[in-house]
Amino acid sequence: MSIPELTDVHPAWLPPEAFQAVGSRRVLVRADGPLAETVREEVARAGAQYGATNSGGLTDEGPADLVLTLSESEGADGYAISRRDGVTTVAGGDPAGLLYGFFHVVRLGEGAFEGDREIEHHRPAMRRRMLDHWDNIDVHPVMGQVERGYSGGSIFWEDGAPRPGLSRVRAYGRLLAATGINAVAINNVNVHATEARLLTDRLGEVAAIADELRPYGIRVHLSVNFASPMALGGLPTADPLDEDVRAWWAATTEHVYATIPDFGGYVVKADSEGQPGPFAYARTHADGANMLAEALAPHGGVVHWRAFVYNHRQDWRDRSTDRARAAYDHFAPLDGRFMDNAILQVKHGPMDFQTREPVSPVILAMRRTRLAVELQVTQEYTGQQRHVCYLAPMWSEILAFENVAGAGDLVAVSNVGADRFWTGHPLAQANLYAFGRLAWDPALDPATVLDEWMDMTFIRPGEPLRRALHAVMDGSWRTYERYTAPLGVGFMVRPGHHYGPDVDGYEYTPWGTYHFADRDGVGVDRTRATGTGFTGQYPQPWSDVYESLERCPDELLLFFHHVPYDHVLHSGSTVIQHIYDTHFAGAEEVAEMRAQWAKVGDLVAPDVHARVTELLDEQLRCAEEWRDQVNTYFFRKSGVPDERGRRIF
């Protein structure tokens, strides 16, 4: 194995300087196998750069400053770290744990080699910490090379073929392993004709990607088309209970594992937004998922079956139909009917990765089904990596709600592309880093995670840069919420590409994403008493909390209730004044973010400062557009002036 040298790509949180503390010490690795060899390669590389004058680097025997060894008592992927008598010891429960423990030492830097350290045990909260790529082989005429991708083309494919060399894929695996991620689905959940063939005659491309990710403990998963037996196998049906269909999946899956023995499994989007599924055969989603689970089970694979199933041809005139209800209505009756290796993958909210949503009731209901909670690192509805929006505070709130962190898997849509900075916006790298760290330990403080990312990316920045980064990033999610869609209203974006304001853009469409603003009020009545009954999908006490106008949290008010503009929030402000105040405040906060960043131009690399400056200029322009369009819209609807007399058009 060789560690890739990519001189034209930003190193993100693994610049060479991050390895100075390890590279200047003598390191002993007592373990064998491919992942242990990866650790040796990392140590040898760091030692070659920083150990020449300090006798650092890899050693086979004798005294060492850092010992990396194995201890089964730490469990799969786990490790323990301690320091005594001048020796730092990392004990991995398995070779993967040893790799994660090594990167923990890299995070600590010199701190790993100071004083004594009582033994600390580190074990992942989630067994599978997974990124879903929405990459296409062919450039889609609408969505492009990467659906909802805001960072350039795919790192896997270009012009209908695999990217030559794939060295960047190995570098990507290295970045992910440093955060604890251990699985990647490499293609779009909307599986088009070309991508469907990755399962059969283009399987070699999947194997090549797996070869690049394997040295960093990452297993490859593949999105597959439910109708593959027809599209690829020539069968007349894809009925999950048809014996020929089941035999086709079994034989095809056996071939996949013969080619890629450590293949992770399948990801399926079915009966959603035009994708085929079991409903065509009057079968349930448990029938569909279990068919694939049965084919995967002999090989130790899993199927991630997405619960994103709803009617996308809704009649906007019909207020009784509620897209938020759909996943629960489809899946809650099936609880306990999925095989053990069938994992129901549920978006964290009931709609679609909005700036603010309640936790999906499906996550709370499926007590006898293995679950994966799905987040979105790519910022489809949170600024599309043109806006600073540090998402760890949002995710932390979600993972702390009831039993959400008890799900076995955490999955997120990746924000990585072929851009030099990986994520388009250099500061959006922090979201990718934070996802991996929170998947490992959901209790981590988002500000602490941000400090980790800063320390590695900017190599323990001085206080002026650290203060500026915190000022720009700490509250950026709530700033984004203020100038876009406060109170849980959601979806006031331009249709199609979803960037920028369009208050009524989706109001009269089939997509089921409405705010129902009129001259009297705004919001969706989802109560049991007078609305769609969605609140009834929650267990107590949340069912009654969300039902109650008095108890419903302000930040979700318009998600659950249609209220008059003069309704008084818990904050003491009226709804209409809150709309005005937050939109003015949000734009002002972006101006302050830009001012803070301007002060540190000499403290970061020129290319990083230039890119972030350019994007903050766009963020301010867009925030002001959001402010003016939303405030003007609701002023004209309500006729209520801003009590502070600010300019509204």
# chains A, B, ... in the order shown; residues from 1 in each chain; ligands from 1
$ closest_atom_pairs --of "region 174-250 of chain A" --to "region 75-97 of chain A" --cutoff "10 Å" --atoms "only C-alpha atoms" --output "CSV"
residue,atom,partner,partner_atom,distance
A:Ala177,CA,A:Ala96,CA,9.2
A:Gly180,CA,A:Asp77,CA,8.8
A:Asn182,CA,A:Ala96,CA,9.1
A:Pro215,CA,A:Ala96,CA,9.8
A:Tyr216,CA,A:Ala96,CA,8.0
A:Gly217,CA,A:Ala96,CA,6.1
A:Ile218,CA,A:Ala96,CA,9.5
$ write_last_selection --atoms "N, CA and C atoms" --output "PDB file, in the first residue's frame"
ATOM      1  N   ALA A 177     -11.325   7.590   7.410  1.00  0.00           N
ATOM      2  CA  ALA A 177     -10.886   6.735   8.509  1.00  0.00           C
ATOM      3  C   ALA A 177     -10.443   7.569   9.702  1.00  0.00           C
ATOM      4  N   GLY A 180     -13.455   8.053  11.701  1.00  0.00           N
ATOM      5  CA  GLY A 180     -14.159   6.865  12.166  1.00  0.00           C
ATOM      6  C   GLY A 180     -15.199   6.316  11.215  1.00  0.00           C
ATOM      7  N   ASN A 182     -16.700   4.029   8.334  1.00  0.00           N
ATOM      8  CA  ASN A 182     -16.265   2.698   7.912  1.00  0.00           C
ATOM      9  C   ASN A 182     -17.065   2.103   6.755  1.00  0.00           C
ATOM     10  N   PRO A 215      -7.783  -0.391   2.404  1.00  0.00           N
ATOM     11  CA  PRO A 215      -6.672  -0.188   3.352  1.00  0.00           C
ATOM     12  C   PRO A 215      -7.019   0.707   4.527  1.00  0.00           C
ATOM     13  N   TYR A 216      -8.120   1.425   4.449  1.00  0.00           N
ATOM     14  CA  TYR A 216      -8.531   2.286   5.554  1.00  0.00           C
ATOM     15  C   TYR A 216      -9.806   1.777   6.231  1.00  0.00           C
ATOM     16  N   GLY A 217     -10.071   0.483   6.075  1.00  0.00           N
ATOM     17  CA  GLY A 217     -11.150  -0.151   6.833  1.00  0.00           C
ATOM     18  C   GLY A 217     -12.534   0.229   6.367  1.00  0.00           C
ATOM     19  N   ILE A 218     -12.679   0.662   5.109  1.00  0.00           N
ATOM     20  CA  ILE A 218     -13.970   1.129   4.606  1.00  0.00           C
ATOM     21  C   ILE A 218     -14.526   0.118   3.614  1.00  0.00           C
TER      22      ILE A 218
END
$ residues_around --residues "Ala258 (chain A)" --least-positions-apart "3" --cutoff "12 Å" --atoms "only C-alpha atoms" --output "number ranges by chain"
A: 203-204, 207, 251-255, 261-263, 299
$ closest_residue --among "A:Gln275, A:Thr284, A:Asn188, A:Thr321" --to "Ser228 (chain A)" --atoms "only C-alpha atoms"
A:Gln275
$ select_by_dssp --residues "region 258-398 of chain A" --states "strand (DSSP E)" --output "PyMOL selection string"
chain A and resi 265-268+302-306+342-347+371-376
$ residues_around --residues "Met366 (chain A)" --least-positions-apart "5" --cutoff "8 Å" --atoms "only C-alpha atoms" --output "count of residues only"
4
$ residues_around --residues "region 244-250 of chain A" --least-positions-apart "6" --cutoff "8 Å" --atoms "only C-alpha atoms" --output "mmCIF file with N, CA, C and O atoms, in the first residue's frame"
data_model
loop_
_atom_site.group_PDB
_atom_site.id
_atom_site.type_symbol
_atom_site.label_atom_id
_atom_site.label_comp_id
_atom_site.auth_asym_id
_atom_site.auth_seq_id
_atom_site.Cartn_x
_atom_site.Cartn_y
_atom_site.Cartn_z
ATOM 1 N N PRO A 229 -33.799 -7.307 -11.901
ATOM 2 C CA PRO A 229 -34.041 -8.586 -12.585
ATOM 3 C C PRO A 229 -34.651 -8.410 -13.969
ATOM 4 O O PRO A 229 -34.407 -9.238 -14.871
ATOM 5 N N GLY A 233 -31.539 -8.648 -15.995
ATOM 6 C CA GLY A 233 -31.613 -10.099 -16.087
ATOM 7 C C GLY A 233 -32.583 -10.633 -17.113
ATOM 8 O O GLY A 233 -32.658 -11.855 -17.320
ATOM 9 N N LEU A 235 -35.793 -10.847 -16.970
ATOM 10 C CA LEU A 235 -36.979 -11.503 -16.436
ATOM 11 C C LEU A 235 -38.216 -10.644 -16.715
ATOM 12 O O LEU A 235 -38.127 -9.423 -16.851
ATOM 13 N N THR A 237 -40.572 -9.968 -14.644
ATOM 14 C CA THR A 237 -41.107 -9.400 -13.406
ATOM 15 C C THR A 237 -39.979 -9.127 -12.429
ATOM 16 O O THR A 237 -38.883 -9.705 -12.540
ATOM 17 N N ALA A 238 -40.255 -8.241 -11.472
ATOM 18 C CA ALA A 238 -39.348 -8.026 -10.344
ATOM 19 C C ALA A 238 -40.062 -8.323 -9.031
ATOM 20 O O ALA A 238 -39.636 -7.881 -7.968
ATOM 21 N N MET A 291 -36.329 -9.872 0.542
ATOM 22 C CA MET A 291 -35.802 -10.596 -0.618
ATOM 23 C C MET A 291 -34.304 -10.325 -0.776
ATOM 24 O O MET A 291 -33.504 -11.249 -0.979
ATOM 25 N N LEU A 292 -33.923 -9.052 -0.681
ATOM 26 C CA LEU A 292 -32.512 -8.710 -0.831
ATOM 27 C C LEU A 292 -31.708 -9.140 0.390
ATOM 28 O O LEU A 292 -30.558 -9.580 0.265
ATOM 29 N N GLU A 294 -32.230 -11.704 2.182
ATOM 30 C CA GLU A 294 -32.034 -13.152 2.052
ATOM 31 C C GLU A 294 -30.865 -13.461 1.125
ATOM 32 O O GLU A 294 -30.065 -14.369 1.388
ATOM 33 N N ALA A 295 -30.738 -12.697 0.036
ATOM 34 C CA ALA A 295 -29.629 -12.914 -0.896
ATOM 35 C C ALA A 295 -28.292 -12.524 -0.278
ATOM 36 O O ALA A 295 -27.249 -13.128 -0.573
ATOM 37 N N LEU A 296 -28.301 -11.523 0.582
ATOM 38 C CA LEU A 296 -27.069 -11.017 1.186
ATOM 39 C C LEU A 296 -26.635 -11.805 2.417
ATOM 40 O O LEU A 296 -25.445 -11.850 2.758
#
$ residues_around --residues "Leu375 (chain A)" --least-positions-apart "3" --cutoff "12 Å" --atoms "only C-alpha atoms" --output "ChimeraX atom specification"
/A:129-132,345-350,352-355,357,359-360,372,378-380,391-392,394-396,398-399,404,409-415,431-432,434-436,438-439
$ select_by_dssp --residues "region 332-447 of chain A" --states "helix (DSSP H, G or I)" --output "ChimeraX atom specification"
/A:332-334,361-365,392-399,404-406,426-440,446-447
$ closest_atom_pairs --of "region 468-547 of chain A" --to "region 147-155 of chain A" --cutoff "12 Å" --atoms "only C-alpha atoms" --output "tab-separated table"
residue	atom	partner	partner_atom	distance
A:Gly496	CA	A:Arg148	CA	10.4
A:His497	CA	A:Arg148	CA	8.2
A:His498	CA	A:Arg148	CA	9.4
A:Tyr499	CA	A:Arg148	CA	10.8
$ write_last_selection --atoms "C-alpha atoms" --output "PDB file, in the first residue's frame"
ATOM      1  CA  GLY A 496     -35.698  22.269  -8.834  1.00  0.00           C
ATOM      2  CA  HIS A 497     -32.264  23.432  -7.733  1.00  0.00           C
ATOM      3  CA  HIS A 498     -33.439  24.549  -4.241  1.00  0.00           C
ATOM      4  CA  TYR A 499     -31.090  27.545  -3.954  1.00  0.00           C
TER       5      TYR A 499
END
$ closest_residue --among "A:Glu72, A:Asp65, A:Asp329, A:Asp201" --to "Val22 (chain A)" --atoms "only C-alpha atoms"
A:Asp65
$ residues_around --residues "Arg621 (chain A)" --least-positions-apart "6" --cutoff "12 Å" --atoms "only C-alpha atoms" --output "PyMOL selection string"
chain A and resi 386-387+483+500-501+586-588+590-591+594+614-615+627-628
$ atom_distance --atom1 "CA of Leu569 (chain A)" --atom2 "CA of Asn631 (chain A)"
18.1 Å
$ atom_distance --atom1 "CA of Asp242 (chain A)" --atom2 "CA of Tyr281 (chain A)"
10.1 Å
$ atom_distance --atom1 "CA of Arg168 (chain A)" --atom2 "CA of Pro124 (chain A)"
26.5 Å
$ closest_residue --among "A:Val524, A:Val9, A:Leu364, A:Ala443" --to "Gln540 (chain A)" --atoms "only C-alpha atoms"
A:Leu364
$ residues_around --residues "Pro278 (chain A)" --least-positions-apart "3" --cutoff "10 Å" --atoms "only C-alpha atoms" --output "list of chain:residue names"
A:Phe226, A:Ala227, A:Ala238, A:Asp239, A:Pro240, A:Leu241, A:Ala270, A:Asp271, A:Tyr281, A:Ala282, A:Arg283, A:Thr284, A:His285, A:Ala286, A:Asp287, A:Gly288, A:Ala289
$ decode --residues "region 447-497 of chain A" --atoms "N, CA and C atoms" --output "compact mmCIF listing (two decimals), in the first residue's frame"
# COMPACT_ATOMS: atom_id res chain seq x y z
N ALA A 447 -18.92 22.25 19.52
CA ALA A 447 -17.81 23.22 19.57
C ALA A 447 -16.48 22.51 19.76
N THR A 448 -16.48 21.43 20.54
CA THR A 448 -15.26 20.64 20.73
C THR A 448 -14.84 19.98 19.43
N VAL A 449 -15.81 19.44 18.70
CA VAL A 449 -15.52 18.82 17.40
C VAL A 449 -14.96 19.87 16.44
N LEU A 450 -15.52 21.06 16.48
CA LEU A 450 -15.02 22.14 15.62
C LEU A 450 -13.58 22.48 15.98
N ASP A 451 -13.27 22.50 17.26
CA ASP A 451 -11.89 22.74 17.68
C ASP A 451 -10.96 21.65 17.17
N GLU A 452 -11.39 20.40 17.23
CA GLU A 452 -10.58 19.31 16.68
C GLU A 452 -10.28 19.56 15.21
N TRP A 453 -11.33 19.88 14.46
CA TRP A 453 -11.16 20.11 13.03
C TRP A 453 -10.21 21.28 12.78
N MET A 454 -10.38 22.36 13.52
CA MET A 454 -9.47 23.51 13.39
C MET A 454 -8.02 23.10 13.68
N ASP A 455 -7.82 22.37 14.79
CA ASP A 455 -6.47 22.02 15.22
C ASP A 455 -5.74 21.20 14.16
N MET A 456 -6.47 20.33 13.47
CA MET A 456 -5.83 19.51 12.46
C MET A 456 -5.72 20.24 11.12
N THR A 457 -6.75 20.95 10.75
CA THR A 457 -6.76 21.61 9.44
C THR A 457 -5.82 22.80 9.41
N PHE A 458 -5.84 23.60 10.48
CA PHE A 458 -5.02 24.81 10.55
C PHE A 458 -3.84 24.66 11.51
N ILE A 459 -3.61 23.44 11.98
CA ILE A 459 -2.50 23.09 12.86
C ILE A 459 -2.46 24.01 14.08
N ARG A 460 -3.42 23.74 14.96
CA ARG A 460 -3.52 24.43 16.25
C ARG A 460 -3.37 25.95 16.09
N PRO A 461 -4.38 26.55 15.49
CA PRO A 461 -4.29 27.98 15.17
C PRO A 461 -4.18 28.83 16.43
N GLY A 462 -3.58 30.00 16.27
CA GLY A 462 -3.52 30.93 17.38
C GLY A 462 -4.89 31.46 17.71
N GLU A 463 -4.97 32.16 18.84
CA GLU A 463 -6.27 32.62 19.32
C GLU A 463 -7.00 33.54 18.34
N PRO A 464 -6.33 34.45 17.62
CA PRO A 464 -7.08 35.30 16.68
C PRO A 464 -7.82 34.50 15.62
N LEU A 465 -7.15 33.50 15.02
CA LEU A 465 -7.82 32.69 14.00
C LEU A 465 -8.88 31.80 14.63
N ARG A 466 -8.57 31.22 15.79
CA ARG A 466 -9.56 30.36 16.45
C ARG A 466 -10.82 31.15 16.79
N ARG A 467 -10.66 32.34 17.33
CA ARG A 467 -11.83 33.17 17.67
C ARG A 467 -12.63 33.52 16.42
N ALA A 468 -11.93 33.84 15.34
CA ALA A 468 -12.63 34.20 14.11
C ALA A 468 -13.41 33.02 13.55
N LEU A 469 -12.80 31.84 13.55
CA LEU A 469 -13.50 30.65 13.04
C LEU A 469 -14.72 30.32 13.89
N HIS A 470 -14.59 30.43 15.20
CA HIS A 470 -15.76 30.19 16.05
C HIS A 470 -16.83 31.25 15.79
N ALA A 471 -16.42 32.49 15.62
CA ALA A 471 -17.40 33.55 15.37
C ALA A 471 -18.14 33.32 14.06
N VAL A 472 -17.45 32.80 13.05
CA VAL A 472 -18.07 32.55 11.75
C VAL A 472 -18.94 31.30 11.78
N MET A 473 -18.49 30.25 12.50
CA MET A 473 -19.08 28.93 12.31
C MET A 473 -20.01 28.47 13.43
N ASP A 474 -19.73 28.82 14.69
CA ASP A 474 -20.48 28.26 15.82
C ASP A 474 -21.99 28.37 15.63
N GLY A 475 -22.47 29.57 15.35
CA GLY A 475 -23.91 29.80 15.25
C GLY A 475 -24.43 29.86 13.84
N SER A 476 -23.65 29.36 12.88
CA SER A 476 -24.00 29.58 11.47
C SER A 476 -25.27 28.84 11.04
N TRP A 477 -25.56 27.68 11.65
CA TRP A 477 -26.82 26.99 11.32
C TRP A 477 -28.01 27.84 11.74
N ARG A 478 -27.96 28.38 12.95
CA ARG A 478 -29.08 29.19 13.41
C ARG A 478 -29.16 30.52 12.65
N THR A 479 -28.02 31.05 12.26
CA THR A 479 -28.04 32.24 11.40
C THR A 479 -28.73 31.93 10.08
N TYR A 480 -28.38 30.79 9.49
CA TYR A 480 -29.02 30.40 8.23
C TYR A 480 -30.53 30.25 8.42
N GLU A 481 -30.92 29.64 9.51
CA GLU A 481 -32.34 29.48 9.81
C GLU A 481 -33.03 30.84 9.92
N ARG A 482 -32.37 31.80 10.55
CA ARG A 482 -33.00 33.11 10.76
C ARG A 482 -33.30 33.81 9.43
N TYR A 483 -32.36 33.79 8.50
CA TYR A 483 -32.61 34.54 7.27
C TYR A 483 -33.32 33.73 6.19
N THR A 484 -33.64 32.46 6.48
CA THR A 484 -34.38 31.66 5.49
C THR A 484 -35.76 31.28 6.00
N ALA A 485 -35.87 30.26 6.84
CA ALA A 485 -37.18 29.68 7.15
C ALA A 485 -37.32 29.39 8.64
N PRO A 486 -37.54 30.40 9.46
CA PRO A 486 -37.68 30.17 10.91
C PRO A 486 -39.01 29.52 11.27
N LEU A 487 -39.11 29.06 12.51
CA LEU A 487 -40.34 28.49 13.09
C LEU A 487 -40.75 27.19 12.41
N GLY A 488 -39.81 26.54 11.71
CA GLY A 488 -40.09 25.24 11.11
C GLY A 488 -40.93 25.30 9.87
N VAL A 489 -41.01 26.46 9.20
CA VAL A 489 -41.92 26.58 8.05
C VAL A 489 -41.41 25.81 6.84
N GLY A 490 -40.11 25.83 6.57
CA GLY A 490 -39.53 24.99 5.53
C GLY A 490 -39.86 25.38 4.09
N PHE A 491 -39.06 24.87 3.17
CA PHE A 491 -39.32 24.75 1.72
C PHE A 491 -39.63 26.03 0.96
N MET A 492 -39.24 27.18 1.41
CA MET A 492 -39.53 28.39 0.63
C MET A 492 -38.37 28.68 -0.33
N VAL A 493 -37.99 27.67 -1.11
CA VAL A 493 -36.82 27.74 -1.98
C VAL A 493 -37.24 27.67 -3.45
N ARG A 494 -36.30 28.04 -4.31
CA ARG A 494 -36.55 27.93 -5.75
C ARG A 494 -36.74 26.45 -6.11
N PRO A 495 -37.82 26.14 -6.82
CA PRO A 495 -38.05 24.75 -7.22
C PRO A 495 -36.90 24.22 -8.08
N GLY A 496 -36.71 22.92 -8.01
CA GLY A 496 -35.70 22.27 -8.83
C GLY A 496 -34.34 22.28 -8.18
N HIS A 497 -33.62 23.40 -8.27
CA HIS A 497 -32.26 23.43 -7.73
C HIS A 497 -32.22 23.76 -6.25
